[in-house]
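Next up, start20.tsv (TSV, C-alpha atoms and all ligand atoms):
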chain	number	residue	atom	x	y	z
A	1	MET	CA	-136.81	26.21	59.20
A	2	LYS	CA	-135.64	25.80	55.60
A	3	VAL	CA	-137.91	23.94	53.22
A	4	CYS	CA	-136.54	22.58	49.91
A	5	LYS	CA	-138.07	20.50	47.18
A	6	LEU	CA	-137.37	16.81	47.78
A	7	SER	CA	-137.98	15.47	44.28
A	8	ASP	CA	-139.64	16.16	40.95
A	9	VAL	CA	-142.66	14.14	42.04
A	10	GLY	CA	-143.34	15.88	45.32
A	11	GLY	CA	-142.34	16.05	48.96
A	12	VAL	CA	-140.07	18.45	50.82
A	13	ASP	CA	-136.73	18.27	52.58
A	14	VAL	CA	-136.77	20.25	55.82
A	15	ASP	CA	-133.65	21.66	57.38
A	16	GLY	CA	-133.20	23.46	60.69
A	17	VAL	CA	-135.78	21.52	62.70
A	18	ASP	CA	-134.77	19.43	65.69
A	19	LEU	CA	-137.68	17.03	66.07
A	20	ALA	CA	-136.48	16.07	69.55
A	21	HIS	CA	-137.06	19.65	70.70
A	22	PRO	CA	-139.73	21.41	68.64
A	23	ARG	CA	-139.59	25.15	69.23
A	24	GLY	CA	-142.98	26.01	70.61
A	25	PRO	CA	-146.47	26.17	69.15
A	26	GLU	CA	-145.50	28.29	66.15
A	27	GLU	CA	-143.03	25.78	64.75
A	28	GLN	CA	-145.38	22.94	65.62
A	29	SER	CA	-148.28	24.42	63.69
A	30	ALA	CA	-145.97	25.27	60.76
A	31	LEU	CA	-144.94	21.60	60.64
A	32	ARG	CA	-148.55	20.41	60.77
A	33	GLN	CA	-149.46	22.76	57.94
A	34	LEU	CA	-146.49	21.54	55.90
A	35	PHE	CA	-147.60	17.94	56.43
A	36	ASP	CA	-151.14	18.72	55.22
A	37	GLU	CA	-149.88	20.67	52.20
A	38	GLN	CA	-146.98	18.52	51.07
A	39	GLY	CA	-147.81	15.03	52.32
A	40	LEU	CA	-144.18	13.88	52.34
A	41	ILE	CA	-141.43	15.39	54.51
A	42	VAL	CA	-137.84	14.30	55.07
A	43	PHE	CA	-136.07	15.59	58.18
A	44	ARG	CA	-132.33	14.96	58.06
A	45	ASP	CA	-129.80	14.42	60.84
A	46	GLN	CA	-132.25	13.78	63.67
A	47	MET	CA	-131.20	12.25	66.99
A	48	LEU	CA	-134.29	10.73	68.51
A	49	THR	CA	-135.03	8.33	71.32
A	50	LYS	CA	-138.11	6.14	70.97
A	51	GLN	CA	-139.94	8.34	73.47
A	52	GLN	CA	-139.08	11.42	71.45
A	53	LEU	CA	-140.38	9.70	68.33
A	54	VAL	CA	-143.66	9.06	70.17
A	55	ALA	CA	-143.80	12.82	70.89
A	56	VAL	CA	-143.21	13.54	67.18
A	57	GLY	CA	-146.19	11.29	66.44
A	58	ASP	CA	-148.28	13.27	68.94
A	59	LEU	CA	-147.46	16.41	67.01
A	60	PHE	CA	-149.20	14.94	63.95
A	61	GLY	CA	-152.25	13.44	65.64
A	62	GLY	CA	-150.78	10.63	67.73
A	63	ALA	CA	-149.75	7.04	67.16
A	64	MET	CA	-152.01	4.13	66.44
A	65	LEU	CA	-151.44	2.00	69.52
A	66	LYS	CA	-153.08	-1.20	68.50
A	67	ARG	CA	-151.75	-2.53	65.23
A	68	ALA	CA	-153.38	-5.44	63.51
A	69	VAL	CA	-150.17	-7.23	62.57
A	70	ILE	CA	-147.00	-5.54	63.70
A	71	PRO	CA	-146.51	-5.37	67.48
A	72	THR	CA	-145.50	-2.08	69.04
A	73	ASP	CA	-143.00	-1.44	71.82
A	74	PRO	CA	-144.42	-1.62	75.38
A	75	GLU	CA	-141.77	0.93	76.47
A	76	ALA	CA	-142.66	3.34	73.67
A	77	PRO	CA	-146.31	2.78	72.73
A	78	GLY	CA	-146.90	3.06	69.01
A	79	ILE	CA	-143.29	2.41	67.95
A	80	SER	CA	-142.44	-0.73	65.96
A	81	THR	CA	-138.89	-1.81	65.23
A	82	ILE	CA	-138.17	-3.21	61.78
A	83	THR	CA	-134.76	-4.83	61.69
A	84	ASN	CA	-132.87	-7.68	60.10
A	85	ARG	CA	-130.47	-7.90	63.05
A	86	GLY	CA	-130.60	-8.26	66.79
A	87	PRO	CA	-132.96	-9.69	69.38
A	88	THR	CA	-136.02	-8.01	67.92
A	89	GLY	CA	-135.02	-9.02	64.39
A	90	ASP	CA	-138.28	-10.19	63.01
A	91	VAL	CA	-137.02	-10.25	59.44
A	92	MET	CA	-133.95	-12.43	59.68
A	93	PRO	CA	-132.12	-13.29	56.47
A	94	GLU	CA	-131.24	-16.91	55.97
A	95	ARG	CA	-128.56	-16.08	53.43
A	96	LEU	CA	-126.44	-12.99	52.85
A	97	ASP	CA	-127.58	-12.80	49.23
A	98	GLU	CA	-131.23	-13.02	50.15
A	99	LEU	CA	-133.31	-9.94	49.36
A	100	ILE	CA	-135.70	-9.32	52.22
A	101	GLY	CA	-138.38	-6.78	52.98
A	102	LYS	CA	-139.24	-6.06	49.35
A	103	ALA	CA	-142.81	-4.84	49.01
A	104	ASP	CA	-144.92	-3.69	46.08
A	105	TRP	CA	-146.68	-0.28	46.07
A	106	HIS	CA	-149.29	0.07	48.80
A	107	MET	CA	-151.18	2.20	51.24
A	108	ASP	CA	-150.36	0.97	54.75
A	109	LEU	CA	-153.28	-0.94	56.29
A	110	GLY	CA	-155.10	-0.90	52.96
A	111	TYR	CA	-156.43	-4.35	53.87
A	112	VAL	CA	-158.63	-2.98	56.68
A	113	THR	CA	-161.45	-0.47	56.38
A	114	THR	CA	-159.70	2.35	58.24
A	115	PRO	CA	-156.04	2.87	57.33
A	116	GLY	CA	-153.58	4.99	59.29
A	117	ARG	CA	-153.56	8.73	58.61
A	118	GLY	CA	-149.82	8.73	58.08
A	119	LYS	CA	-146.55	7.10	58.91
A	120	ILE	CA	-143.12	8.00	60.23
A	121	ILE	CA	-139.95	6.02	59.57
A	122	TYR	CA	-136.85	6.91	61.56
A	123	ALA	CA	-133.65	5.38	60.17
A	124	VAL	CA	-131.45	4.09	62.99
A	125	GLN	CA	-129.12	1.88	60.93
A	126	THR	CA	-129.05	2.05	57.14
A	127	PRO	CA	-127.65	-0.45	54.62
A	128	GLU	CA	-124.81	0.56	52.28
A	129	VAL	CA	-126.88	-0.80	49.41
A	130	GLY	CA	-130.64	-0.97	48.94
A	131	GLY	CA	-133.25	-0.49	51.64
A	132	LEU	CA	-134.94	2.29	49.69
A	133	THR	CA	-138.53	3.41	50.14
A	134	GLY	CA	-140.40	4.55	47.04
A	135	PHE	CA	-143.19	7.15	47.04
A	136	ILE	CA	-145.92	8.10	44.57
A	137	ASP	CA	-148.33	11.03	44.99
A	138	LEU	CA	-151.82	9.67	44.26
A	139	SER	CA	-153.38	13.12	43.97
A	140	VAL	CA	-151.04	13.72	41.02
A	141	ALA	CA	-151.92	10.24	39.70
A	142	TYR	CA	-155.56	11.33	39.71
A	143	SER	CA	-155.04	14.76	38.17
A	144	THR	CA	-152.89	13.33	35.35
A	145	LEU	CA	-155.38	10.61	34.40
A	146	PRO	CA	-156.30	10.74	30.73
A	147	GLU	CA	-159.86	12.09	30.49
A	148	ALA	CA	-161.32	8.91	28.97
A	149	LEU	CA	-159.84	6.71	31.68
A	150	ARG	CA	-160.99	9.09	34.42
A	151	GLU	CA	-164.57	8.86	33.18
A	152	ARG	CA	-164.44	5.06	33.18
A	153	ILE	CA	-163.15	4.70	36.73
A	154	GLU	CA	-164.80	7.58	38.61
A	155	ASN	CA	-167.41	5.51	40.46
A	156	LEU	CA	-165.69	2.13	40.61
A	157	HIS	CA	-164.47	0.22	43.68
A	158	VAL	CA	-161.31	-1.79	44.21
A	159	ILE	CA	-161.31	-5.14	46.01
A	160	GLN	CA	-158.32	-5.11	48.37
A	161	SER	CA	-157.01	-8.32	49.83
A	162	TRP	CA	-154.49	-9.07	52.57
A	163	ASP	CA	-154.22	-12.58	51.13
A	164	LYS	CA	-152.89	-11.26	47.80
A	165	ALA	CA	-149.78	-9.97	49.53
A	166	GLN	CA	-149.20	-13.29	51.25
A	167	VAL	CA	-150.06	-15.99	48.75
A	168	GLY	CA	-147.16	-17.20	46.64
A	169	GLN	CA	-144.82	-14.47	47.79
A	170	SER	CA	-141.65	-15.22	49.65
A	171	ASN	CA	-141.33	-11.48	49.99
A	172	GLY	CA	-144.57	-10.30	51.49
A	173	PRO	CA	-144.76	-6.94	53.18
A	174	ARG	CA	-142.84	-8.26	56.16
A	175	GLY	CA	-140.16	-10.12	54.19
A	176	ALA	CA	-139.28	-13.76	53.82
A	177	GLY	CA	-139.90	-16.15	56.63
A	178	THR	CA	-141.99	-13.77	58.64
A	179	LEU	CA	-145.39	-14.22	57.15
A	180	ILE	CA	-147.85	-13.74	59.92
A	181	LEU	CA	-150.70	-16.14	59.66
A	182	GLN	CA	-153.54	-13.86	60.39
A	183	GLU	CA	-156.81	-13.66	58.54
A	184	PHE	CA	-158.29	-10.47	57.19
A	185	PRO	CA	-161.45	-10.44	55.09
A	186	ASP	CA	-161.32	-8.60	51.77
A	187	VAL	CA	-162.27	-4.93	51.82
A	188	ILE	CA	-163.75	-2.64	49.18
A	189	TYR	CA	-162.33	0.87	48.64
A	190	PRO	CA	-163.48	3.53	46.21
A	191	MET	CA	-161.04	3.89	43.33
A	192	VAL	CA	-161.28	7.64	43.75
A	193	LEU	CA	-160.86	8.71	47.38
A	194	THR	CA	-161.45	12.16	48.82
A	195	HIS	CA	-158.59	13.35	50.96
A	196	PRO	CA	-159.84	13.92	54.54
A	197	VAL	CA	-158.00	17.24	54.97
A	198	THR	CA	-157.46	18.82	51.56
A	199	GLY	CA	-160.55	17.39	49.86
A	200	ALA	CA	-158.35	16.54	46.85
A	201	LYS	CA	-159.23	13.51	44.79
A	202	VAL	CA	-156.79	10.64	45.17
A	203	LEU	CA	-156.47	7.69	42.78
A	204	ASN	CA	-156.54	4.44	44.75
A	205	CYS	CA	-155.56	1.10	43.25
A	206	PRO	CA	-152.66	-0.29	45.32
A	207	PRO	CA	-150.85	-3.09	43.45
A	208	LEU	CA	-149.98	-4.96	46.67
A	209	TRP	CA	-153.61	-5.36	47.73
A	210	ALA	CA	-155.79	-4.84	44.64
A	211	THR	CA	-157.31	-8.05	43.26
A	212	GLY	CA	-160.04	-6.69	41.05
A	213	ILE	CA	-162.78	-4.16	40.42
A	214	LEU	CA	-166.09	-4.77	42.17
A	215	GLU	CA	-168.26	-3.54	39.31
A	216	ALA	CA	-166.22	-5.26	36.58
A	217	PRO	CA	-165.46	-8.88	37.38
A	218	GLY	CA	-163.53	-11.01	34.91
A	219	GLU	CA	-160.84	-10.28	32.37
A	220	GLU	CA	-162.12	-6.89	31.34
A	221	GLY	CA	-162.07	-5.61	34.92
A	222	LEU	CA	-158.58	-6.98	35.49
A	223	ALA	CA	-157.35	-5.29	32.32
A	224	LEU	CA	-158.82	-1.97	33.53
A	225	MET	CA	-157.25	-2.45	36.98
A	226	HIS	CA	-153.85	-3.04	35.38
A	227	GLU	CA	-154.29	0.01	33.15
A	228	VAL	CA	-154.90	2.16	36.25
A	229	ILE	CA	-151.95	0.58	38.09
A	230	ALA	CA	-149.70	1.21	35.08
A	231	HIS	CA	-150.71	4.88	35.14
A	232	ILE	CA	-150.13	5.23	38.90
A	233	THR	CA	-146.73	3.52	38.86
A	234	ARG	CA	-145.23	5.25	35.82
A	235	PRO	CA	-141.49	5.50	36.44
A	236	GLN	CA	-141.59	9.31	36.17
A	237	SER	CA	-144.09	9.42	39.07
A	238	GLN	CA	-141.80	7.59	41.51
A	239	TYR	CA	-139.39	8.99	44.07
A	240	TRP	CA	-137.07	6.49	45.78
A	241	HIS	CA	-135.61	7.61	49.08
A	242	ARG	CA	-132.13	6.41	49.99
A	243	TYR	CA	-131.78	6.70	53.76
A	244	ARG	CA	-128.99	8.16	55.82
A	245	PRO	CA	-128.88	7.37	59.54
A	246	GLY	CA	-130.92	10.03	61.34
A	247	ASP	CA	-133.44	10.52	58.53
A	248	ALA	CA	-136.98	10.86	59.78
A	249	ILE	CA	-139.50	10.62	56.98
A	250	LEU	CA	-143.15	11.47	57.46
A	251	TRP	CA	-145.84	10.83	54.89
A	252	ASP	CA	-149.55	11.13	54.38
A	253	ASN	CA	-150.87	7.59	53.98
A	254	CYS	CA	-154.10	8.97	52.47
A	255	ARG	CA	-152.17	10.58	49.61
A	256	PHE	CA	-148.84	8.79	48.98
A	257	ILE	CA	-148.41	5.08	48.35
A	258	HIS	CA	-145.04	3.58	49.05
A	259	ALA	CA	-142.95	0.53	48.13
A	260	ALA	CA	-139.80	-1.07	49.52
A	261	SER	CA	-136.80	-2.11	47.43
A	262	GLY	CA	-135.72	-4.68	50.01
A	263	THR	CA	-132.26	-5.17	51.48
A	264	LEU	CA	-129.75	-7.96	50.97
A	265	GLY	CA	-129.16	-10.06	54.08
A	266	LEU	CA	-125.54	-8.90	54.00
A	267	TYR	CA	-126.49	-5.39	55.12
A	268	ALA	CA	-127.84	-4.50	58.55
A	269	ARG	CA	-130.90	-2.29	58.66
A	270	THR	CA	-132.91	-0.99	61.61
A	271	LEU	CA	-135.86	1.36	61.42
A	272	TRP	CA	-138.29	2.61	64.00
A	273	THR	CA	-141.72	3.20	62.61
A	274	LEU	CA	-144.85	4.82	63.89
A	275	THR	CA	-148.28	4.73	62.28
A	276	LEU	CA	-150.40	7.80	62.84
A	277	LYS	CA	-153.88	7.18	64.20
A	278	ALA	CA	-156.56	6.00	61.86
A	279	GLY	CA	-157.78	8.43	59.28
A	280	PRO	CA	-161.17	8.24	57.59
A	281	GLU	CA	-163.01	5.01	56.99
A	282	PHE	CA	-162.19	4.54	53.32
A	283	GLY	CA	-163.33	0.96	52.95
A	284	ARG	CA	-166.00	-1.49	53.89
A	285	LEU	CA	-165.93	-5.23	54.30
A	286	ALA	CA	-166.46	-7.08	51.03
A	287	ASP	CA	-169.38	-9.04	52.44
A	288	GLN	CA	-171.25	-5.83	53.28
A	289	GLN	CA	-171.64	-4.69	49.70
A	290	ALA	CA	-175.07	-3.23	50.23
A	291	ALA	CA	-173.76	-0.80	52.82
A	301	FE	FE	-145.81	-0.16	54.20

As structure tokens, please, write out the structure in this file.
Amino acid sequence: MKVCKLSDVGGVDVDGVDLAHPRGPEEQSALRQLFDEQGLIVFRDQMLTKQQLVAVGDLFGGAMLKRAVIPTDPEAPGISTITNRGPTGDVMPERLDELIGKADWHMDLGYVTTPGRGKIIYAVQTPEVGGLTGFIDLSVAYSTLPEALRERIENLHVIQSWDKAQVGQSNGPRGAGTLILQEFPDVIYPMVLTHPVTGAKVLNCPPLWATGILEAPGEEGLALMHEVIAHITRPQSQYWHRYRPGDAILWDNCRFIHAASGTLGLYARTLWTLTLKAGPEFGRLADQQAA
């Protein structure tokens, strides 16, 4: 197993591992340790069936079988197909010049109290242009906070809303024309989370879901929220992954937020995704503020 740096902002590129046939308990525990330490791993040139991808998920704690919004495959429990082509194409472009699937920075399932522990994307069919996934390490975002800002936000809470990602956006997290009319009540997350494995502090204020700061309603709170978001999303903190077919990318949803560049309708794109079982309960429902 050869481990190289993936980018200047974190993550690793792993060579010499065939995820379809992991070589015994030693390699498996080395991979688990790498996941906990690095939080973002790209495996190149993989050849996986859906069932093998389920087994990869099992290696890292197992798949979340019941997803709130995105259905999973009855033949391969835990796997969801994201495609803009074919019979399962749930994000169908209406025009070839239409950008679909664009999504702002977010933690997956940040609109429920217990998000997934991690996520795997396996690239089956990749577009010639676009279709990138961006990553930002939120533990670095926390450790690079200017001291004065860190003191102001340490004990604050972020109001996170599913509705924000839906209202007025033709490009919600699922892309145009696929908005799923499902209701989720707002949730409240600490702005500083403690990572469930490493104990590291993680700066949480996901632009896709964040609508305000619980303790600071009004303009002042919004200004502070945008100041934190601007710090998190500094261009030098972003890594954008351009997929090749066969890439399997695994990330720690409690540490890295991600974003999607979107893909023009002209280009076919098919991914299989798997959400790792729920991690810690980070949030609480907004109407249970006393909890
Ligand atoms: Fe996502």

Q) Between A:Ile79, A:Ile229, A:Val140, A:Leu31, which one has atoms that come closest to Gly10 in chain A, using only C-alpha atoms? A) A:Val140

Could you give me, as JSON lines, every range 187-222 of chain A residue with an atom at most 9 Å from range 102-109 of chain A, plus its closest atom pair and distance in Å to one decimal, counting only C-alpha atoms, rows ordered by chain then number?
{"residue": "A:Asn204", "atom": "CA", "partner": "A:Met107", "partner_atom": "CA", "distance": 8.7}
{"residue": "A:Cys205", "atom": "CA", "partner": "A:His106", "partner_atom": "CA", "distance": 8.4}
{"residue": "A:Pro206", "atom": "CA", "partner": "A:His106", "partner_atom": "CA", "distance": 4.9}
{"residue": "A:Pro207", "atom": "CA", "partner": "A:Trp105", "partner_atom": "CA", "distance": 5.7}
{"residue": "A:Leu208", "atom": "CA", "partner": "A:Asp104", "partner_atom": "CA", "distance": 5.3}
{"residue": "A:Trp209", "atom": "CA", "partner": "A:His106", "partner_atom": "CA", "distance": 7.0}

Would you mind listing the residues within 12 Å of ligand FE 301 (chain A), counting all atoms listed in the file, as a JSON list (two decimals) with C-alpha atoms, in the frame of the given file?
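Generated file (part11.json):
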[["chain", "number", "residue", "atom", "x", "y", "z"],
["A", 69, "VAL", "CA", -150.17, -7.23, 62.57],
["A", 70, "ILE", "CA", -147.00, -5.54, 63.70],
["A", 82, "ILE", "CA", -138.17, -3.21, 61.78],
["A", 101, "GLY", "CA", -138.38, -6.78, 52.98],
["A", 102, "LYS", "CA", -139.24, -6.06, 49.35],
["A", 103, "ALA", "CA", -142.81, -4.84, 49.01],
["A", 104, "ASP", "CA", -144.92, -3.69, 46.08],
["A", 105, "TRP", "CA", -146.68, -0.28, 46.07],
["A", 106, "HIS", "CA", -149.29, 0.07, 48.80],
["A", 107, "MET", "CA", -151.18, 2.20, 51.24],
["A", 108, "ASP", "CA", -150.36, 0.97, 54.75],
["A", 109, "LEU", "CA", -153.28, -0.94, 56.29],
["A", 110, "GLY", "CA", -155.10, -0.90, 52.96],
["A", 111, "TYR", "CA", -156.43, -4.35, 53.87],
["A", 115, "PRO", "CA", -156.04, 2.87, 57.33],
["A", 116, "GLY", "CA", -153.58, 4.99, 59.29],
["A", 118, "GLY", "CA", -149.82, 8.73, 58.08],
["A", 119, "LYS", "CA", -146.55, 7.10, 58.91],
["A", 120, "ILE", "CA", -143.12, 8.00, 60.23],
["A", 121, "ILE", "CA", -139.95, 6.02, 59.57],
["A", 133, "THR", "CA", -138.53, 3.41, 50.14],
["A", 134, "GLY", "CA", -140.40, 4.55, 47.04],
["A", 135, "PHE", "CA", -143.19, 7.15, 47.04],
["A", 165, "ALA", "CA", -149.78, -9.97, 49.53],
["A", 172, "GLY", "CA", -144.57, -10.30, 51.49],
["A", 173, "PRO", "CA", -144.76, -6.94, 53.18],
["A", 174, "ARG", "CA", -142.84, -8.26, 56.16],
["A", 175, "GLY", "CA", -140.16, -10.12, 54.19],
["A", 206, "PRO", "CA", -152.66, -0.29, 45.32],
["A", 208, "LEU", "CA", -149.98, -4.96, 46.67],
["A", 209, "TRP", "CA", -153.61, -5.36, 47.73],
["A", 251, "TRP", "CA", -145.84, 10.83, 54.89],
["A", 252, "ASP", "CA", -149.55, 11.13, 54.38],
["A", 253, "ASN", "CA", -150.87, 7.59, 53.98],
["A", 256, "PHE", "CA", -148.84, 8.79, 48.98],
["A", 257, "ILE", "CA", -148.41, 5.08, 48.35],
["A", 258, "HIS", "CA", -145.04, 3.58, 49.05],
["A", 259, "ALA", "CA", -142.95, 0.53, 48.13],
["A", 260, "ALA", "CA", -139.80, -1.07, 49.52],
["A", 261, "SER", "CA", -136.80, -2.11, 47.43],
["A", 262, "GLY", "CA", -135.72, -4.68, 50.01],
["A", 273, "THR", "CA", -141.72, 3.20, 62.61],
["A", 274, "LEU", "CA", -144.85, 4.82, 63.89],
["A", 275, "THR", "CA", -148.28, 4.73, 62.28]]

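Shortest atom-to-atom contact with Glu26 in chain A among A:Leu224, A:Ile159, A:Met1, A:Met47: A:Met1, counting all atoms listed in the file.
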
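If all atoms listed in the file are the atoms counted, then among A:Arg32, A:Lys66, A:Lys2, A:His195 the closest residue to Pro280 in chain A is A:His195.
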
Q: State, in Å with one decimal place, the distance from CA of Leu276 in chain A to CA of Asp58 in chain A.
A: 8.5 Å

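When all atoms listed in the file are used to measure the gap to Gln51 in chain A, the shortest distance among A:Glu27, A:Phe184, A:Val112, A:Trp272 belongs to A:Trp272.
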
Q | Residues near Tyr267 in chain A, cut-off 7 Å, only C-alpha atoms, skip fewer than 2 positions along chain, as an NGL selection string | A | :A and (127-128 or 263-265 or 269)

Could you turn the residues from that selection into a file that holds C-alpha atoms, as a CSV table (one decimal), in the coordinates of the input?
chain,number,residue,atom,x,y,z
A,127,PRO,CA,-127.6,-0.4,54.6
A,128,GLU,CA,-124.8,0.6,52.3
A,263,THR,CA,-132.3,-5.2,51.5
A,264,LEU,CA,-129.8,-8.0,51.0
A,265,GLY,CA,-129.2,-10.1,54.1
A,269,ARG,CA,-130.9,-2.3,58.7

Q: Give me the residues within 12 Å of Ala30 in chain A as a PyMOL selection string, counting all atoms listed in the file and dropping any in the same chain fewer than 6 places off.
A: chain A and resi 1-3+14+17+22-24+36-38+59-60

So that I have them on file, write out the residues from the current selection with C-alpha atoms, as a tab-separated table (two decimals), in the coordinates of the input.
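Once everything was written out, this is part-v2.tsv:
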chain	number	residue	atom	x	y	z
A	1	MET	CA	-136.81	26.21	59.20
A	2	LYS	CA	-135.64	25.80	55.60
A	3	VAL	CA	-137.91	23.94	53.22
A	14	VAL	CA	-136.77	20.25	55.82
A	17	VAL	CA	-135.78	21.52	62.70
A	22	PRO	CA	-139.73	21.41	68.64
A	23	ARG	CA	-139.59	25.15	69.23
A	24	GLY	CA	-142.98	26.01	70.61
A	36	ASP	CA	-151.14	18.72	55.22
A	37	GLU	CA	-149.88	20.67	52.20
A	38	GLN	CA	-146.98	18.52	51.07
A	59	LEU	CA	-147.46	16.41	67.01
A	60	PHE	CA	-149.20	14.94	63.95

Q) Around (-150.5, 0.8, 68.2) in the file's own coordinates, what residues are found within 8 Å if you use all atoms listed in the file, given back as a list in words? A) Ala63, Met64, Leu65, Lys66, Arg67, Pro71, Thr72, Pro77, Gly78, Ile79 and Thr275 of chain A

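Take CA of Asp247 in chain A and CA of Thr126 in chain A: the distance between them is 9.6 Å.
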
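You can rank A:Ile100, A:Leu145, A:Met225, A:Ala230 by their closest distance to Val158 in chain A using all atoms listed in the file, and at the top of that list sits A:Met225.
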
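For the pair CA of Gly11 in chain A and CA of Gly39 in chain A, the interatomic distance is 6.5 Å.
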
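Residue nearest Asp287 in chain A within the list A:Val187, A:Ile249, A:Leu193, A:Ala210: A:Val187 [criterion: smallest interatomic distance, all atoms listed in the file].
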
Q) Using all atoms listed in the file, can you list as an NGL selection string the residues within 6 Å of (-132.3, 4.8, 58.2)? A) :A and (123-126 or 243-245 or 247 or 271)
